[in-house]
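Read through the structure below, which is laid out as structure tokens, and then see the notes.
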Protein chains: 2
Amino acid sequence: MMEEAASRRIANMRVAASAERAPLSLHQRILADIEARILSGEWPPGYRVPFEHELTAQYGCSRMTVSKVLTQLAKAGLVARRRKAGTFVTRPHSQAALLEIHDIKAEAAALGGPYRFEIAGRRKCKITRADRERLEVPASTSALELTCRHFAGAQPFCLEERLINLTAVPEAENEPFSELSPGAWLVQRVPWTAAEHKIRATGADQRTAAALAIVEGSPCLVIERRTWRAIEPVTFVKLTYPAAAHELVARFAPSQMQEARRG
Amino acid sequence: MMEEAASRRIANMRVAASAERAPLSLHQRILADIEARILSGEWPPGYRVPFEHELTAQYGCSRMTVSKVLTQLAKAGLVARRRKAGTFVTRPHSQAALLEIHDIKAEAAALGGPYRFEIAGRRKCKITRADRERLEVPASTSALELTCRHFAGAQPFCLEERLINLTAVPEAENEPFSELSPGAWLVQRVPWTAAEHKIRATGADQRTAAALAIVEGSPCLVIERRTWRAIEPVTFVKLTYPAAAHELVARFAPSQMQEARRG
DNA sequence: TAGTGGTCTAGACCACACT
DNA sequence: GTGTGGTCTAGACCACTAG
């Protein structure tokens with residue numbers, strides 16, 4: 001029957017590299033397949049995903065099954081669905097996170113001053129042993145090390161120290177970061193699939209105090225973020241804010257009750 | 001037909017108080033109904049939710065529809081499903097959050113000392129105008145104001161200042177908080193459905209420095225959390241940690257890709 | 001107007017876990 | 001064994017909207 005054809009077809013698909021032994025259900029395999037196409041860039045932002053009836057034919061399954069998959073992808077923010085028009089791969093999203101990736105420019109506006117940033121340091125380097133706890137890549141991988149100061153008016157309000165994995169984002173090497181700050185540039189270019197934040201308070205050390213024009217030892221909020229695309233590390237960034245300059249807000253339900261309510 | 005009976009039945013259900021005009025779909029109305037039963041305590045933790053075929057009969061709909069609802073509730077963590085046994089309301093969960101509600105006791109263990117806490121202040125009060133930005137309830141609502149210090153060994157590592165809405169949690173008034181700290185007691189007792197965190201760095205003021213046995217002005221991490229059950233505010237808490245004592249970690253995908261992958 | 005996604009049905013088969 | 005949830009099918013009707 002059709003199911004056998006579908007089984008063979010999907011068995012041949014490049015499914016997630018994770019060598020799990022758990023047999024995935026049909027919609028999980030289809031989900032993994034479409035997700036891989038999107039994350040790999042084979043279906044870039046704006047690409048029109050095949051219609052439900054086309055996927056039904058391609059995977060040899062019923063419409064309910066592909067509908068379930070596309071609905072989940074839409075909830076996850078990877079695609080947007082519009083009646084009569086179709087389903088489209090979305091642009092990389094910074095807004096979908098519960099603890100959002102912050103828009104530093106908007107923050108500066110909130111602080112009152114006109115925003116600007118400056119690249120204070122830049123060098124290409126090989127990942128050393130010490131770096132590896134920040135960016136989990138093999139030693140001697142090429143990386144770009146950036147230091148950037150963000151200003152609201154004349155006052156620096158954020159010090160950004162960043163490491164970009166040049167294996168994952170080779171085009172960063174020749175990017176001048178003149179128009180967009182490194183964070184904004186990456187967000188527009190690289191779809192990330194996982195992030196880890198560490199947040200703590202600290203007293204400014206001498207170098208940080210100098211960069212932020214504050215007194216040494218004064219309280220700062222430090223956000224360290226590691227970002228992955230699929231299983232590949234993309235970037236590590238340490239953002240240091242003087243205590244007065246920044247506040248994080250996160251609002252959420254215990255799990256996905258909001259999203260469940262939408263669906 | 002059956003659909004008409006179902007429509008009438010569900011139209012008469014106490015659906016969420018939100019007077020939205022958007023017509024909810026069938027599974028959304030059923031979801032809201034079951035969620036309300038759980039959150040109200042009508043179906044307490046451990047309660048066995050009716051089997052799918054029973055809900056099918058009660059709501060006059062197909063099994064696919066109730067299955068979708070129960071699957072969503074399971075993803076949200078409100079129920080757990082076991083083959084052959086049935087579907088059961090879960091205990092209030094602290095672990096499901098992406099930015100989890102912290103287990104202060106476990107933190108103390110990590111810092112090396114034996115954990116203890118002490119209630120340093122307690123009074124029943126009426127909500128004043130100033131309180132209302134912390135706990136969004138009508139003025140003159142009764143609340144319990146608690147101050148609590150958490151110790152790792154001899155060293156205080158967290159100052160907790162809390163306001164509990166006694167309308168939402170009347171049994172808090174006579175709770176001595178001798179065994180469980182206020183946070184642990186609330187987590188075990190009250191299923192929360194939404195929380196808002198504000199996180200910032202600050203210098204310790206005189207009172208805080210005294211309570212934490214640190215130098216005035218030294219950096220601290222401050223977490224303010226407001227918690228709701230459905231639309232009712234439950235508690236406000238301000239947690240102040242000396243910079244060295246605490247670090248927040250949050251790891252997540254841009255939206256619900258992990259959960260989508262599970263489903 | 002025509003075609004898309006959104007929803008729902010009434011079946012079915014299966015794996016699993018409780019008895 | 002037996003009944004539960006987990007999954008899938010092959011239809012159907014509807015609302016919305018792009019062309």
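Chain labels run A, B, ... following the order of the structure tokens; each chain numbers its residues from 1, and ligands are numbered from 1 in the order shown.
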
Residues of segment 61-89 of chain B at most 9 Å from segment 31-35 of chain B: nearest atom pair and distance in Å, only C-alpha atoms, as a tab-separated table:
residue	atom	partner	partner_atom	distance
B:Val66	CA	B:Leu31	CA	8.6
B:Val69	CA	B:Leu31	CA	5.5
B:Leu70	CA	B:Leu31	CA	7.8
B:Gln72	CA	B:Leu31	CA	8.3
B:Leu73	CA	B:Leu31	CA	7.6
B:Leu78	CA	B:Glu35	CA	8.0

Just N, CA, C and O atoms for this one: save the residues we selected as a compact mmCIF listing (two decimals), in the first residue's frame.
# COMPACT_ATOMS: atom_id res chain seq x y z
N VAL B 66 -10.61 15.19 21.55
CA VAL B 66 -10.23 15.13 22.96
C VAL B 66 -8.77 14.70 23.09
O VAL B 66 -8.05 15.15 23.99
N VAL B 69 -6.64 17.73 22.81
CA VAL B 69 -6.69 18.53 24.03
C VAL B 69 -5.82 17.92 25.11
O VAL B 69 -5.00 18.60 25.74
N LEU B 70 -5.97 16.62 25.35
CA LEU B 70 -5.21 15.97 26.42
C LEU B 70 -3.71 15.97 26.11
O LEU B 70 -2.89 16.09 27.01
N GLN B 72 -2.16 18.31 24.48
CA GLN B 72 -1.68 19.65 24.79
C GLN B 72 -1.53 19.85 26.29
O GLN B 72 -0.55 20.44 26.76
N LEU B 73 -2.50 19.36 27.06
CA LEU B 73 -2.41 19.49 28.51
C LEU B 73 -1.21 18.72 29.05
O LEU B 73 -0.56 19.15 30.00
N LEU B 78 0.23 19.83 32.86
CA LEU B 78 -0.89 19.80 33.81
C LEU B 78 -1.38 18.38 34.06
O LEU B 78 -1.96 18.11 35.11

Report the closest atom pair, with its distance in Å rounded to one decimal, for each residue of chain A that has an atom no farther than 12 Å from chain C; count only C-alpha atoms (C1' of nucleotides), sort by chain and then rising residue number, and write it as a Markdown table.
| residue | atom | partner | partner_atom | distance |
| --- | --- | --- | --- | --- |
| A:Pro50 | CA | C:DT4 | C1' | 11.6 |
| A:Phe51 | CA | C:DT4 | C1' | 8.2 |
| A:Glu52 | CA | C:DG5 | C1' | 8.5 |
| A:His53 | CA | C:DT4 | C1' | 10.0 |
| A:Arg63 | CA | C:DG5 | C1' | 11.1 |
| A:Met64 | CA | C:DT7 | C1' | 10.2 |
| A:Val66 | CA | C:DG5 | C1' | 11.6 |
| A:Ser67 | CA | C:DG5 | C1' | 8.7 |
| A:Lys68 | CA | C:DG6 | C1' | 11.1 |
| A:Leu70 | CA | C:DG5 | C1' | 10.2 |
| A:Thr71 | CA | C:DG5 | C1' | 9.9 |
| A:Ala74 | CA | C:DG5 | C1' | 12.0 |
| A:Ala80 | CA | C:DG5 | C1' | 11.1 |
| A:Arg81 | CA | C:DG5 | C1' | 7.4 |
| A:Arg82 | CA | C:DG5 | C1' | 6.9 |
| A:Arg83 | CA | C:DT4 | C1' | 4.7 |
| A:Lys84 | CA | C:DT4 | C1' | 3.4 |
| A:Ala85 | CA | C:DT4 | C1' | 6.2 |
| A:Gly86 | CA | C:DT4 | C1' | 6.3 |
| A:Thr87 | CA | C:DG5 | C1' | 8.8 |
| A:Gly263 | CA | C:DG6 | C1' | 10.3 |

Report as CSV: every residue of chain D with an atom at most 10 Å from chain A, its closest pair of atoms, and their distance in Å to one decimal, counting only C-alpha atoms (C1' of nucleotides), with rows sorted by chain and ascending residue number.
residue,atom,partner,partner_atom,distance
D:DG6,C1',A:Ser25,CA,9.4
D:DT7,C1',A:Ser25,CA,7.8
D:DC8,C1',A:Thr65,CA,7.4
D:DT9,C1',A:Ser62,CA,6.1
D:DA10,C1',A:Ser62,CA,7.4
D:DA15,C1',A:Arg83,CA,9.2
D:DC16,C1',A:Arg83,CA,6.3
D:DT17,C1',A:Lys84,CA,5.9
D:DA18,C1',A:Lys84,CA,6.3

Near-Lys126 of chain A list (6 Å; only C-alpha atoms (C1' of nucleotides); drop same-chain fewer than 3 positions) as a list of chain:residue names: A:Ser140, A:Thr141, A:Ser142, A:Ala143

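Using only C-alpha atoms for every distance, the candidate list A:Glu160, A:Glu224, A:Glu232, A:Glu54 yields A:Glu224 as the residue closest to chain B.
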
Practice problem: Considering only C-alpha atoms, state which residue in the set B:Ala168, B:Leu24, B:Ala244, B:Ala209 is at the smallest distance from Pro191 of chain B. | Solution: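 Going through B:Ala168, B:Leu24, B:Ala244, B:Ala209 one by one, the smallest distance to Pro191 of chain B is for B:Ala168.
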
Need to verify the contact set: Phe236 of chain A, 7 Å, only C-alpha atoms (C1' of nucleotides), exclusion of same-chain residues closer than 2 positions in sequence. Can you return it as a PyMOL selection string?
chain A and resi 134-135+162-164+225-227+238

I need the chosen residues saved as a compact mmCIF listing (two decimals), in the first residue's frame, with N, CA, C and O atoms.
# COMPACT_ATOMS: atom_id res chain seq x y z
N ARG A 134 33.91 28.41 26.63
CA ARG A 134 32.97 29.42 26.14
C ARG A 134 32.34 29.00 24.82
O ARG A 134 31.15 29.13 24.61
N LEU A 135 33.15 28.51 23.92
CA LEU A 135 32.66 28.08 22.62
C LEU A 135 33.10 26.63 22.46
O LEU A 135 34.28 26.35 22.27
N ARG A 162 32.81 39.25 22.34
CA ARG A 162 32.19 38.19 21.56
C ARG A 162 33.22 37.30 20.86
O ARG A 162 34.30 37.76 20.49
N LEU A 163 32.84 36.06 20.69
CA LEU A 163 33.62 35.08 19.95
C LEU A 163 32.69 34.47 18.92
O LEU A 163 31.63 33.95 19.26
N ILE A 164 33.06 34.54 17.64
CA ILE A 164 32.23 33.96 16.59
C ILE A 164 32.97 32.78 15.97
O ILE A 164 34.13 32.90 15.58
N ARG A 225 25.97 34.51 26.88
CA ARG A 225 25.06 33.73 26.04
C ARG A 225 25.85 32.87 25.06
O ARG A 225 26.77 33.35 24.40
N ARG A 226 25.49 31.62 24.98
CA ARG A 226 26.04 30.73 23.96
C ARG A 226 24.91 30.33 23.03
O ARG A 226 23.81 30.03 23.48
N THR A 227 25.19 30.33 21.75
CA THR A 227 24.14 30.10 20.76
C THR A 227 24.56 28.99 19.81
O THR A 227 25.71 28.94 19.38
N LYS A 238 29.60 37.90 25.91
CA LYS A 238 29.48 38.37 27.30
C LYS A 238 29.10 39.84 27.25
O LYS A 238 29.84 40.66 26.69
